[in-house]
$ cat query.txt   # compact mmCIF, C-alpha atoms
# COMPACT_ATOMS: atom_id res chain seq x y z
CA MET R 1 56.08 91.23 209.25
CA ALA R 2 57.49 94.70 208.66
CA LYS R 3 60.12 94.91 205.98
CA LEU R 4 63.40 96.40 207.17
CA LYS R 5 65.74 98.47 205.07
CA PRO R 6 69.07 96.73 204.54
CA SER R 7 72.15 98.49 205.81
CA LYS R 8 74.32 99.99 203.12
CA GLY R 9 78.06 99.99 203.40
CA ALA R 10 81.12 100.29 201.20
CA PRO R 11 82.05 97.43 198.87
CA TYR R 12 85.39 97.01 200.64
CA ALA R 13 87.50 98.61 203.36
CA ARG R 14 91.11 99.72 203.59
CA ILE R 15 93.55 101.36 205.95
CA LEU R 16 93.66 104.99 204.86
CA GLY R 17 96.10 106.44 207.36
CA VAL R 18 98.36 105.50 210.26
CA GLY R 19 99.81 107.43 213.17
CA GLY R 20 101.91 106.66 216.20
CA TYR R 21 102.92 108.16 219.50
CA ARG R 22 105.96 107.12 221.52
CA PRO R 23 106.43 108.65 224.97
CA THR R 24 109.21 111.22 225.30
CA ARG R 25 111.26 109.26 227.83
CA VAL R 26 113.59 106.74 226.21
CA VAL R 27 114.67 104.00 228.62
CA PRO R 28 117.89 102.14 227.80
CA ASN R 29 118.72 98.68 229.15
CA GLU R 30 121.04 100.26 231.74
CA VAL R 31 118.00 101.58 233.61
CA ILE R 32 116.41 98.13 233.62
CA LEU R 33 119.65 96.67 234.99
CA GLU R 34 119.37 98.78 238.15
CA LYS R 35 116.75 96.32 239.46
CA ILE R 36 117.72 92.95 237.95
CA ASP R 37 120.86 90.85 237.79
CA SER R 38 121.39 90.69 234.03
CA SER R 39 123.37 92.44 231.31
CA ASP R 40 122.80 94.58 228.27
CA GLU R 41 124.25 91.78 226.13
CA TRP R 42 121.88 89.19 227.66
CA ILE R 43 118.81 91.39 227.12
CA ARG R 44 119.76 92.15 223.52
CA SER R 45 120.55 88.53 222.69
CA ARG R 46 117.27 87.26 224.18
CA SER R 47 114.97 89.96 222.87
CA GLY R 48 116.70 92.34 220.47
CA ILE R 49 115.55 95.20 222.69
CA GLU R 50 117.95 98.14 223.14
CA THR R 51 115.57 100.83 224.35
CA ARG R 52 111.89 101.30 225.06
CA HIS R 53 109.70 104.31 225.88
CA TRP R 54 108.04 104.83 229.24
CA ALA R 55 105.12 107.19 229.61
CA SER R 56 105.07 110.07 232.09
CA ASP R 57 102.04 110.84 234.26
CA GLU R 58 100.81 113.22 231.56
CA GLU R 59 101.19 110.64 228.79
CA THR R 60 98.00 108.83 229.69
CA VAL R 61 96.32 106.14 227.61
CA ALA R 62 93.90 108.80 226.33
CA ALA R 63 96.58 111.43 225.69
CA MET R 64 98.81 109.05 223.72
CA SER R 65 95.81 107.77 221.77
CA ILE R 66 94.74 111.28 220.82
CA GLU R 67 98.24 112.12 219.55
CA ALA R 68 98.42 108.95 217.46
CA SER R 69 94.86 109.33 216.19
CA GLY R 70 95.37 112.94 215.13
CA LYS R 71 98.28 111.83 212.96
CA ALA R 72 96.30 108.92 211.52
CA VAL R 73 93.35 111.16 210.63
CA ALA R 74 95.68 113.69 208.96
CA ASP R 75 97.46 110.88 207.12
CA ALA R 76 94.09 109.58 205.89
CA GLY R 77 93.20 113.03 204.57
CA ILE R 78 89.80 113.11 206.22
CA SER R 79 88.36 115.33 208.93
CA VAL R 80 87.71 114.14 212.47
CA GLU R 81 83.97 114.81 212.04
CA GLN R 82 83.83 111.98 209.49
CA ILE R 83 84.89 109.38 212.07
CA GLY R 84 81.89 107.22 212.94
CA GLY R 85 83.56 104.71 215.21
CA VAL R 86 86.45 104.58 217.68
CA ILE R 87 87.76 101.18 218.78
CA VAL R 88 90.45 101.10 221.44
CA SER R 89 92.38 97.96 222.30
CA THR R 90 94.24 98.12 225.60
CA VAL R 91 94.95 96.09 228.71
CA SER R 92 96.58 98.93 230.63
CA HIS R 93 93.89 101.56 231.09
CA PHE R 94 93.30 101.47 234.81
CA LYS R 95 89.80 102.80 234.91
CA GLN R 96 87.40 99.98 234.20
CA THR R 97 84.48 102.17 233.24
CA PRO R 98 83.63 104.17 231.21
CA ALA R 99 85.56 102.94 228.18
CA VAL R 100 88.51 105.20 227.39
CA ALA R 101 87.36 105.19 223.74
CA THR R 102 84.53 107.56 224.62
CA GLU R 103 86.91 110.14 226.09
CA ILE R 104 89.16 109.82 223.05
CA ALA R 105 86.24 110.20 220.63
CA ASP R 106 85.09 113.32 222.47
CA ARG R 107 88.48 114.99 222.89
CA LEU R 108 89.35 114.31 219.26
CA GLY R 109 86.23 116.18 218.23
CA THR R 110 84.21 113.43 216.59
CA ARG R 111 80.45 113.88 216.25
CA LYS R 112 79.35 111.42 218.91
CA ALA R 113 81.11 108.53 217.21
CA ALA R 114 80.34 105.03 218.48
CA ALA R 115 83.20 104.24 220.85
CA PHE R 116 84.22 101.18 222.81
CA ASP R 117 87.23 99.33 224.23
CA ILE R 118 88.22 95.76 223.48
CA SER R 119 90.53 93.43 225.35
CA ALA R 120 92.47 91.12 223.09
CA GLY R 121 96.01 91.53 224.39
CA CYS R 122 98.71 91.62 221.75
CA ALA R 123 96.20 90.56 219.09
CA GLY R 124 94.11 93.63 219.85
CA PHE R 125 95.04 95.54 216.72
CA GLY R 126 93.96 92.70 214.44
CA TYR R 127 90.74 92.24 216.39
CA GLY R 128 89.97 95.96 216.16
CA LEU R 129 90.87 96.08 212.48
CA THR R 130 88.51 93.19 211.77
CA LEU R 131 85.65 94.89 213.62
CA ALA R 132 86.35 98.20 211.84
CA LYS R 133 86.35 96.53 208.44
CA GLY R 134 83.00 94.96 209.30
CA MET R 135 81.56 98.32 210.36
CA VAL R 136 82.68 100.04 207.15
CA VAL R 137 81.45 97.28 204.85
CA GLU R 138 78.21 96.85 206.77
CA GLY R 139 77.63 100.60 206.77
CA SER R 140 77.39 101.46 210.44
CA ALA R 141 80.33 103.85 210.09
CA GLU R 142 82.06 105.35 207.08
CA TYR R 143 85.40 105.84 208.83
CA VAL R 144 86.59 104.02 211.92
CA LEU R 145 89.61 104.71 214.11
CA VAL R 146 91.37 101.62 215.43
CA ILE R 147 93.74 102.42 218.28
CA GLY R 148 96.16 100.11 220.04
CA VAL R 149 97.50 101.76 223.18
CA GLU R 150 99.40 100.54 226.22
CA ARG R 151 101.21 101.75 229.30
CA LEU R 152 102.76 98.37 230.02
CA SER R 153 105.38 100.00 232.25
CA ASP R 154 102.54 100.16 234.80
CA LEU R 155 102.13 96.37 234.59
CA THR R 156 105.82 95.44 234.58
CA ASP R 157 107.52 93.75 237.51
CA LEU R 158 110.86 95.52 237.38
CA GLU R 159 112.38 92.86 239.64
CA ASP R 160 111.49 89.96 237.32
CA ARG R 161 114.58 89.37 235.22
CA ALA R 162 112.59 87.42 232.61
CA THR R 163 110.16 90.23 231.77
CA ALA R 164 111.45 93.53 233.25
CA PHE R 165 113.12 94.53 229.98
CA LEU R 166 110.35 93.46 227.61
CA PHE R 167 107.59 96.00 227.83
CA GLY R 168 107.13 99.55 226.62
CA ASP R 169 104.47 102.22 226.27
CA GLY R 170 102.93 103.89 223.24
CA ALA R 171 99.94 104.27 220.96
CA GLY R 172 99.35 103.40 217.32
CA ALA R 173 96.24 104.24 215.33
CA VAL R 174 94.82 103.65 211.88
CA VAL R 175 91.83 105.02 210.05
CA VAL R 176 89.79 102.37 208.23
CA GLY R 177 87.47 103.58 205.51
CA PRO R 178 85.71 102.69 202.26
CA ALA R 179 87.50 101.20 199.26
CA GLN R 180 86.60 100.05 195.76
CA GLU R 181 89.04 97.11 195.85
CA PRO R 182 89.79 94.61 198.63
CA ALA R 183 92.61 96.04 200.77
CA ILE R 184 92.12 94.17 204.04
CA GLY R 185 92.10 90.42 203.52
CA PRO R 186 90.10 87.83 205.42
CA THR R 187 91.18 87.63 209.07
CA VAL R 188 92.41 84.33 210.45
CA TRP R 189 91.82 84.63 214.17
CA GLY R 190 90.97 82.64 217.22
CA SER R 191 91.55 81.94 220.88
CA GLU R 192 93.12 79.15 222.91
CA GLY R 193 91.76 79.65 226.41
CA ASP R 194 93.26 76.34 227.50
CA LYS R 195 96.62 78.15 227.39
CA SER R 196 95.46 81.13 229.44
CA GLU R 197 98.16 80.52 232.07
CA THR R 198 100.96 81.04 229.54
CA ILE R 199 100.73 84.86 229.59
CA LYS R 200 98.73 86.47 232.35
CA GLN R 201 98.34 89.10 235.02
CA THR R 202 99.94 87.71 238.20
CA VAL R 203 96.90 88.24 240.46
CA PRO R 204 93.44 89.81 240.14
CA TRP R 205 93.04 93.43 241.29
CA THR R 206 90.78 92.26 244.10
CA ASP R 207 93.60 90.22 245.66
CA TYR R 208 95.76 93.32 245.69
CA ARG R 209 93.00 95.47 247.13
CA SER R 210 92.26 93.02 249.93
CA GLY R 211 95.94 92.97 250.85
CA GLU R 212 96.17 89.26 250.06
CA VAL R 213 99.19 90.11 247.93
CA ALA R 214 101.47 93.06 248.58
CA LYS R 215 102.92 93.39 245.09
CA PHE R 216 101.01 95.34 242.45
CA PRO R 217 99.83 92.99 239.66
CA ALA R 218 102.12 92.58 236.66
CA ILE R 219 102.25 90.63 233.43
CA THR R 220 104.09 87.35 233.63
CA GLN R 221 104.71 84.65 231.06
CA GLU R 222 106.20 81.22 230.50
CA GLY R 223 108.94 82.19 228.08
CA GLN R 224 109.65 78.88 226.37
CA ALA R 225 105.99 77.93 225.98
CA VAL R 226 105.17 81.36 224.56
CA PHE R 227 108.13 81.18 222.19
CA ARG R 228 107.13 77.77 220.84
CA TRP R 229 103.51 78.79 220.34
CA ALA R 230 104.38 82.18 218.87
CA VAL R 231 106.87 80.85 216.37
CA PHE R 232 105.54 77.52 215.27
CA GLU R 233 101.78 77.80 215.75
CA MET R 234 101.62 81.43 214.61
CA ALA R 235 103.65 80.69 211.49
CA LYS R 236 100.81 78.34 210.49
CA VAL R 237 98.25 81.08 211.17
CA ALA R 238 100.30 83.56 209.15
CA GLN R 239 100.40 81.12 206.24
CA GLN R 240 96.62 80.65 206.51
CA ALA R 241 96.18 84.43 206.30
CA LEU R 242 98.26 84.52 203.11
CA ASP R 243 96.21 81.64 201.67
CA ALA R 244 92.93 83.32 202.68
CA ALA R 245 94.01 86.51 200.90
CA GLY R 246 94.94 84.45 197.85
CA ILE R 247 98.57 85.52 197.70
CA THR R 248 101.91 83.77 198.07
CA ALA R 249 104.86 84.87 200.19
CA ASP R 250 106.57 85.93 196.93
CA GLU R 251 103.88 88.58 196.40
CA LEU R 252 104.39 90.00 199.88
CA ASP R 253 106.31 93.27 200.36
CA VAL R 254 106.23 93.67 204.13
CA PHE R 255 105.86 91.48 207.22
CA ILE R 256 104.65 93.20 210.40
CA PRO R 257 104.37 90.68 213.21
CA HIS R 258 103.50 91.74 216.74
CA GLN R 259 106.72 93.17 218.15
CA ALA R 260 107.02 90.78 221.05
CA ASN R 261 110.66 89.82 220.80
CA GLU R 262 113.11 89.90 217.90
CA ARG R 263 113.98 86.24 218.42
CA ILE R 264 110.35 85.33 217.77
CA ILE R 265 110.38 87.53 214.67
CA ASP R 266 113.60 85.91 213.37
CA SER R 267 112.28 82.40 213.92
CA MET R 268 108.91 83.21 212.34
CA VAL R 269 110.63 84.58 209.24
CA LYS R 270 112.68 81.37 209.03
CA THR R 271 109.72 79.06 209.67
CA LEU R 272 107.55 80.90 207.14
CA LYS R 273 110.45 80.83 204.65
CA LEU R 274 109.78 84.45 203.73
CA PRO R 275 111.73 85.53 200.63
CA GLY R 276 114.63 87.94 201.13
CA HIS R 277 112.85 90.85 199.44
CA VAL R 278 110.20 91.03 202.18
CA THR R 279 110.79 93.95 204.57
CA VAL R 280 110.46 92.77 208.15
CA ALA R 281 109.39 95.14 210.95
CA ARG R 282 111.90 95.20 213.81
CA ASP R 283 110.56 98.15 215.76
CA VAL R 284 110.86 96.06 218.96
CA ARG R 285 114.54 97.05 219.14
CA THR R 286 113.75 100.62 220.12
CA THR R 287 110.11 100.42 221.19
CA GLY R 288 110.00 97.18 223.18
CA ASN R 289 106.83 95.12 223.33
CA THR R 290 103.86 97.49 223.37
CA SER R 291 101.17 94.80 223.00
CA ALA R 292 98.17 96.11 221.05
CA ALA R 293 100.12 99.19 219.94
CA SER R 294 103.04 97.35 218.40
CA ILE R 295 101.71 96.63 214.90
CA PRO R 296 100.42 100.13 214.06
CA LEU R 297 103.56 101.66 215.63
CA ALA R 298 105.79 99.41 213.53
CA MET R 299 103.69 100.13 210.43
CA GLU R 300 103.99 103.87 210.99
CA ARG R 301 107.76 103.66 211.42
CA LEU R 302 108.30 101.53 208.29
CA LEU R 303 106.33 104.06 206.23
CA ALA R 304 108.05 107.05 207.86
CA THR R 305 111.55 105.70 207.21
CA GLY R 306 110.70 104.68 203.65
CA GLU R 307 111.42 101.00 204.32
CA ALA R 308 107.83 100.39 203.24
CA LYS R 309 105.67 102.47 200.93
CA SER R 310 102.03 103.21 200.39
CA GLY R 311 100.37 100.45 198.37
CA ASP R 312 102.72 97.72 199.62
CA THR R 313 101.17 94.41 200.55
CA ALA R 314 101.77 93.59 204.21
CA LEU R 315 101.09 90.53 206.34
CA VAL R 316 100.20 91.54 209.90
CA ILE R 317 99.86 89.09 212.76
CA GLY R 318 99.20 89.70 216.44
CA PHE R 319 99.33 87.06 219.16
CA GLY R 320 99.38 87.10 222.92
CA ALA R 321 97.60 86.75 226.23
CA GLY R 322 94.43 84.69 226.01
CA LEU R 323 95.93 83.11 224.18
CA VAL R 324 94.52 84.96 221.18
CA TYR R 325 95.70 85.67 217.67
CA ALA R 326 94.68 87.51 214.52
CA ALA R 327 96.39 87.64 211.13
CA THR R 328 95.47 89.34 207.89
CA VAL R 329 96.99 90.77 204.74
CA VAL R 330 96.56 94.51 204.18
CA THR R 331 97.47 97.12 201.62
CA LEU R 332 99.54 99.78 203.39
CA PRO R 333 98.15 103.33 203.47
CA MET N 1 112.04 52.37 212.32
CA ALA N 2 113.19 53.68 215.68
CA ALA N 3 116.46 55.59 215.70
CA THR N 4 119.46 54.25 217.62
CA GLN N 5 121.31 56.26 220.24
CA GLU N 6 124.06 56.98 217.72
CA GLU N 7 121.58 58.18 215.11
CA ILE N 8 119.87 60.43 217.63
CA VAL N 9 123.13 62.05 218.72
CA ALA N 10 124.09 62.58 215.07
CA GLY N 11 120.67 64.05 214.37
CA LEU N 12 120.86 66.37 217.38
CA ALA N 13 124.34 67.41 216.26
CA ASP N 14 122.95 68.43 212.86
CA ILE N 15 120.11 70.35 214.50
CA VAL N 16 122.36 72.17 216.99
CA ASN N 17 124.76 72.97 214.17
CA GLU N 18 121.93 74.41 212.09
CA ILE N 19 120.40 76.46 214.92
CA ALA N 20 123.42 77.56 216.99
CA GLY N 21 126.26 77.10 214.50
CA ILE N 22 128.13 74.68 216.80
CA PRO N 23 130.43 72.17 215.01
CA VAL N 24 128.76 68.75 214.88
CA GLU N 25 131.74 67.04 216.52
CA ASP N 26 131.25 69.15 219.66
CA VAL N 27 127.79 67.71 220.26
CA GLN N 28 128.50 64.81 222.63
CA LEU N 29 126.31 63.01 225.17
CA ASP N 30 127.84 64.74 228.19
CA LYS N 31 127.58 68.27 226.79
CA SER N 32 125.17 70.74 228.37
CA PHE N 33 123.10 72.62 225.79
CA THR N 34 123.30 75.89 227.71
CA ASP N 35 126.78 75.77 229.24
CA ASP N 36 128.77 73.96 226.54
CA LEU N 37 126.89 74.44 223.29
CA ASP N 38 125.67 78.05 223.47
CA VAL N 39 122.05 76.98 223.09
CA ASP N 40 119.99 79.42 225.16
CA SER N 41 116.45 78.77 226.41
CA LEU N 42 114.83 80.09 223.23
CA SER N 43 117.17 78.24 220.86
CA MET N 44 116.47 75.15 222.94
CA VAL N 45 112.82 75.42 221.92
CA GLU N 46 113.91 75.46 218.27
CA VAL N 47 116.13 72.42 218.89
CA VAL N 48 113.23 70.61 220.54
CA VAL N 49 110.78 71.37 217.73
CA ALA N 50 113.32 70.25 215.10
CA ALA N 51 113.98 67.05 217.09
CA GLU N 52 110.24 66.39 217.35
CA GLU N 53 109.94 66.50 213.58
CA ARG N 54 113.05 64.48 212.91
CA PHE N 55 112.42 61.69 215.40
CA ASP N 56 108.61 61.63 215.43
CA VAL N 57 108.40 62.36 219.13
CA LYS N 58 106.39 64.83 221.25
CA ILE N 59 108.35 66.83 223.81
CA PRO N 60 105.90 68.93 225.85
CA ASP N 61 106.96 72.32 227.28
CA GLU N 62 107.07 70.98 230.83
CA ASP N 63 109.64 68.33 229.84
CA VAL N 64 111.94 70.70 227.96
CA LYS N 65 113.48 72.12 231.14
CA ASN N 66 114.65 68.63 232.15
CA LEU N 67 116.71 68.20 229.01
CA LYS N 68 119.97 69.71 230.24
CA THR N 69 122.46 67.65 228.27
CA VAL N 70 122.59 66.00 224.88
CA GLY N 71 122.43 62.72 226.82
CA ASP N 72 119.16 63.78 228.52
CA ALA N 73 117.63 64.63 225.15
CA THR N 74 118.89 61.40 223.57
CA ASP N 75 117.44 59.27 226.38
CA TYR N 76 114.14 61.12 226.17
CA ILE N 77 113.88 60.58 222.43
CA LEU N 78 114.92 56.88 222.71
CA LYS N 79 112.16 56.35 225.26
CA HIS N 80 109.39 58.34 223.56
CA GLN N 81 109.99 58.05 219.81
CA GLY N 82 107.12 56.80 217.66
$ encode --input "query.txt" --output "structure tokens"
Amino acid sequence: MAKLKPSKGAPYARILGVGGYRPTRVVPNEVILEKIDSSDEWIRSRSGIETRHWASDEETVAAMSIEASGKAVADAGISVEQIGGVIVSTVSHFKQTPAVATEIADRLGTRKAAAFDISAGCAGFGYGLTLAKGMVVEGSAEYVLVIGVERLSDLTDLEDRATAFLFGDGAGAVVVGPAQEPAIGPTVWGSEGDKSETIKQTVPWTDYRSGEVAKFPAITQEGQAVFRWAVFEMAKVAQQALDAAGITADELDVFIPHQANERIIDSMVKTLKLPGHVTVARDVRTTGNTSAASIPLAMERLLATGEAKSGDTALVIGFGAGLVYAATVVTLP
Amino acid sequence: MAATQEEIVAGLADIVNEIAGIPVEDVQLDKSFTDDLDVDSLSMVEVVVAAEERFDVKIPDEDVKNLKTVGDATDYILKHQG
């Protein structure tokens, strides 16, 4: 039997840089209220959301990703040519094939980096981060871009008063690269396909194409069931991620949960009994729920505003359609 | 030991007070969680989860929507408690 050379990677991986892109158009609740019978007060009290961003025709999934990635690469202090892998998590890129990651890798100017899309809903960032860490440590890429990007406005039923106000558009990206110390903890992740009906696309594309349904597909969810799972089950997962990283909540500086809804965030903080000194991301207020993009976007904003700083220890947890989830502890770039 | 109706109402009153800040004396059998006690659909989930823990009962998502009043919740817990 021929003897194979082992692959050679870095001892550990870390997030080296983060970047975000929010579409130019800011959409206040008043615009949402043109199509549903609700109120600004009701939307804020149920979700914390005041405004969200909606992408224009020019702000495509690729265009937003490239903007966010450029910032992440600059923040990491590397050159684009050093990127060996591009992982894009999205559920709202409307061209099934080829993967949008390849276009992004090319337009960014990488040297034929490995590029692929993943579908893991609102847990997509954590899934991508876990894959990127594996690639860096295993040695198949020195630097990997992980991009979460969504144009959820395209998948929003503006006449559904339970979800019309929730979703937003945007892209968040991080560069994952080699490290001498652990800076991305073990991931606690999984799926619960038995709950796939809880958050889903209303109908398959084929039903729309055949004319079986007249309304363009949208994302729908069972609010109370999602809330219970997100708060109480995900708090357990978040605790497991802390335990897996070998730290206590007292040692945590920042908590960046998926920005689904501020009520979920509030209840998670309470259920996890996070100490008062922990900075909690609340980017949902002005960005809405941007699914896979929400964690890197929130991370970028916390660092930009100075609410969090480089070297802080952050717990990140994503959860959503699948149902799927992924939680880990990271050192902020 | 199974809780009595009185104990369940008192327990629910504590929970609603903790979650929605409603005075315990306002939590009566005939009160609607949403209309009288300012417990919206998401807070209701928190009330349900707290009640599950306190009274050793399982209240699945599909049953939550039927619990309109404190009386509905009390009856449900009386019937299903462990």
$ interface_residues --input "query.txt" --of "chain N" --to "chain R" --cutoff "7 Å" --atoms "all atoms listed in the file" --output "list in words"
Ser41, Leu42, Val45 and Asp61 of chain N
$ residues_around --input "query.txt" --residues "N:Val39" --least-positions-apart "3" --cutoff "12 Å" --atoms "all atoms listed in the file" --output "JSON, numbers by chain"
{"R": [45, 46], "N": [13, 15, 16, 17, 18, 19, 20, 21, 22, 27, 31, 32, 33, 34, 35, 36, 42, 43, 44, 45, 46, 47, 48, 67, 68, 69, 70]}
$ residues_around --input "query.txt" --residues "R:Ala218" --least-positions-apart "3" --cutoff "8 Å" --atoms "only C-alpha atoms" --output "JSON, numbers by chain"
{"R": [154, 155, 156, 157, 201, 202, 203]}
$ closest_residue --input "query.txt" --among "N:Ile77, N:Ala2, N:Pro23, N:Glu52" --to "N:Asp38" --atoms "all atoms listed in the file"
N:Pro23
$ atom_distance --input "query.txt" --atom1 "atom CA of R:Gln259" --atom2 "atom CA of R:Phe125"
12.0 Å
$ residues_around --input "query.txt" --residues "R:Ser69" --least-positions-apart "3" --cutoff "9 Å" --atoms "all atoms listed in the file" --output "list in words"
Val18, Gly19, Gly20, Tyr21, Met64, Ser65, Ile66, Ala72, Val73, Ala74, Ile104, Leu108, Leu145, Val146, Ile147, Ala171, Gly172, Ala173, Val174 and Val175 of chain R
$ residues_near_point --input "query.txt" --point "(93.9, 101.0, 201.7)" --cutoff "12 Å" --atoms "all atoms listed in the file" --output "PDB file with C-alpha atoms, keeping the file's coordinate frame"
ATOM      1  CA  TYR R  12      85.390  97.010 200.640  1.00  0.00           C
ATOM      2  CA  ALA R  13      87.500  98.610 203.360  1.00  0.00           C
ATOM      3  CA  ARG R  14      91.110  99.720 203.590  1.00  0.00           C
ATOM      4  CA  ILE R  15      93.550 101.360 205.950  1.00  0.00           C
ATOM      5  CA  LEU R  16      93.660 104.990 204.860  1.00  0.00           C
ATOM      6  CA  GLY R  17      96.100 106.440 207.360  1.00  0.00           C
ATOM      7  CA  VAL R  18      98.360 105.500 210.260  1.00  0.00           C
ATOM      8  CA  ASP R  75      97.460 110.880 207.120  1.00  0.00           C
ATOM      9  CA  ALA R  76      94.090 109.580 205.890  1.00  0.00           C
ATOM     10  CA  LYS R 133      86.350  96.530 208.440  1.00  0.00           C
ATOM     11  CA  VAL R 174      94.820 103.650 211.880  1.00  0.00           C
ATOM     12  CA  VAL R 175      91.830 105.020 210.050  1.00  0.00           C
ATOM     13  CA  VAL R 176      89.790 102.370 208.230  1.00  0.00           C
ATOM     14  CA  GLY R 177      87.470 103.580 205.510  1.00  0.00           C
ATOM     15  CA  PRO R 178      85.710 102.690 202.260  1.00  0.00           C
ATOM     16  CA  ALA R 179      87.500 101.200 199.260  1.00  0.00           C
ATOM     17  CA  GLN R 180      86.600 100.050 195.760  1.00  0.00           C
ATOM     18  CA  GLU R 181      89.040  97.110 195.850  1.00  0.00           C
ATOM     19  CA  PRO R 182      89.790  94.610 198.630  1.00  0.00           C
ATOM     20  CA  ALA R 183      92.610  96.040 200.770  1.00  0.00           C
ATOM     21  CA  ILE R 184      92.120  94.170 204.040  1.00  0.00           C
ATOM     22  CA  GLY R 185      92.100  90.420 203.520  1.00  0.00           C
ATOM     23  CA  LYS R 309     105.670 102.470 200.930  1.00  0.00           C
ATOM     24  CA  SER R 310     102.030 103.210 200.390  1.00  0.00           C
ATOM     25  CA  GLY R 311     100.370 100.450 198.370  1.00  0.00           C
ATOM     26  CA  ASP R 312     102.720  97.720 199.620  1.00  0.00           C
ATOM     27  CA  THR R 313     101.170  94.410 200.550  1.00  0.00           C
ATOM     28  CA  ALA R 314     101.770  93.590 204.210  1.00  0.00           C
ATOM     29  CA  VAL R 329      96.990  90.770 204.740  1.00  0.00           C
ATOM     30  CA  VAL R 330      96.560  94.510 204.180  1.00  0.00           C
ATOM     31  CA  THR R 331      97.470  97.120 201.620  1.00  0.00           C
ATOM     32  CA  LEU R 332      99.540  99.780 203.390  1.00  0.00           C
ATOM     33  CA  PRO R 333      98.150 103.330 203.470  1.00  0.00           C
TER      34      PRO R 333
END
$ atom_distance --input "query.txt" --atom1 "atom CA of N:Lys58" --atom2 "atom CA of N:Glu6"
19.7 Å
$ residues_around --input "query.txt" --residues "R:Ile118" --least-positions-apart "4" --cutoff "8 Å" --atoms "all atoms listed in the file" --output "NGL selection string"
:R and (87-90 or 124 or 128)
$ residues_near_point --input "query.txt" --point "(118.3, 89.2, 234.3)" --cutoff "12 Å" --atoms "all atoms listed in the file" --output "PDB file with C-alpha atoms, keeping the file's coordinate frame"
ATOM      1  CA  ASN R  29     118.720  98.680 229.150  1.00  0.00           C
ATOM      2  CA  GLU R  30     121.040 100.260 231.740  1.00  0.00           C
ATOM      3  CA  ILE R  32     116.410  98.130 233.620  1.00  0.00           C
ATOM      4  CA  LEU R  33     119.650  96.670 234.990  1.00  0.00           C
ATOM      5  CA  GLU R  34     119.370  98.780 238.150  1.00  0.00           C
ATOM      6  CA  LYS R  35     116.750  96.320 239.460  1.00  0.00           C
ATOM      7  CA  ILE R  36     117.720  92.950 237.950  1.00  0.00           C
ATOM      8  CA  ASP R  37     120.860  90.850 237.790  1.00  0.00           C
ATOM      9  CA  SER R  38     121.390  90.690 234.030  1.00  0.00           C
ATOM     10  CA  SER R  39     123.370  92.440 231.310  1.00  0.00           C
ATOM     11  CA  ASP R  40     122.800  94.580 228.270  1.00  0.00           C
ATOM     12  CA  GLU R  41     124.250  91.780 226.130  1.00  0.00           C
ATOM     13  CA  TRP R  42     121.880  89.190 227.660  1.00  0.00           C
ATOM     14  CA  ILE R  43     118.810  91.390 227.120  1.00  0.00           C
ATOM     15  CA  ARG R  44     119.760  92.150 223.520  1.00  0.00           C
ATOM     16  CA  SER R  45     120.550  88.530 222.690  1.00  0.00           C
ATOM     17  CA  ARG R  46     117.270  87.260 224.180  1.00  0.00           C
ATOM     18  CA  SER R  47     114.970  89.960 222.870  1.00  0.00           C
ATOM     19  CA  LEU R 158     110.860  95.520 237.380  1.00  0.00           C
ATOM     20  CA  GLU R 159     112.380  92.860 239.640  1.00  0.00           C
ATOM     21  CA  ASP R 160     111.490  89.960 237.320  1.00  0.00           C
ATOM     22  CA  ARG R 161     114.580  89.370 235.220  1.00  0.00           C
ATOM     23  CA  ALA R 162     112.590  87.420 232.610  1.00  0.00           C
ATOM     24  CA  THR R 163     110.160  90.230 231.770  1.00  0.00           C
ATOM     25  CA  ALA R 164     111.450  93.530 233.250  1.00  0.00           C
ATOM     26  CA  PHE R 165     113.120  94.530 229.980  1.00  0.00           C
ATOM     27  CA  LEU R 166     110.350  93.460 227.610  1.00  0.00           C
TER      28      LEU R 166
END
$ residues_around --input "query.txt" --residues "R:Gly84" --least-positions-apart "5" --cutoff "6 Å" --atoms "all atoms listed in the file" --output "CSV table (one decimal) with C-alpha atoms, in the coordinates of the input"
chain,number,residue,atom,x,y,z
R,113,ALA,CA,81.1,108.5,217.2
R,141,ALA,CA,80.3,103.8,210.1
R,143,TYR,CA,85.4,105.8,208.8
R,144,VAL,CA,86.6,104.0,211.9
$ closest_residue --input "query.txt" --among "R:Pro98, R:Gly121, R:Gly139, R:Gly48" --to "R:Gly85" --atoms "all atoms listed in the file"
R:Gly139
$ atom_distance --input "query.txt" --atom1 "atom CA of R:Leu129" --atom2 "atom CA of R:Glu233"
21.5 Å
$ decode --input "query.txt" --residues "stretch 4-8 of chain N" --atoms "N, CA and C atoms" --output "PDB file, in the first residue's frame"
ATOM      1  N   THR N   4     -53.402  21.711  44.339  1.00  0.00           N
ATOM      2  CA  THR N   4     -54.844  21.992  44.311  1.00  0.00           C
ATOM      3  C   THR N   4     -55.097  23.171  43.370  1.00  0.00           C
ATOM      4  N   GLN N   5     -56.380  23.387  43.082  1.00  0.00           N
ATOM      5  CA  GLN N   5     -56.722  24.509  42.205  1.00  0.00           C
ATOM      6  C   GLN N   5     -56.183  25.828  42.782  1.00  0.00           C
ATOM      7  N   GLU N   6     -56.358  25.987  44.080  1.00  0.00           N
ATOM      8  CA  GLU N   6     -55.896  27.220  44.730  1.00  0.00           C
ATOM      9  C   GLU N   6     -54.386  27.396  44.591  1.00  0.00           C
ATOM     10  N   GLU N   7     -53.671  26.301  44.794  1.00  0.00           N
ATOM     11  CA  GLU N   7     -52.200  26.370  44.689  1.00  0.00           C
ATOM     12  C   GLU N   7     -51.764  26.683  43.257  1.00  0.00           C
ATOM     13  N   ILE N   8     -52.497  26.136  42.305  1.00  0.00           N
ATOM     14  CA  ILE N   8     -52.137  26.395  40.897  1.00  0.00           C
ATOM     15  C   ILE N   8     -52.366  27.870  40.556  1.00  0.00           C
TER      16      ILE N   8
END
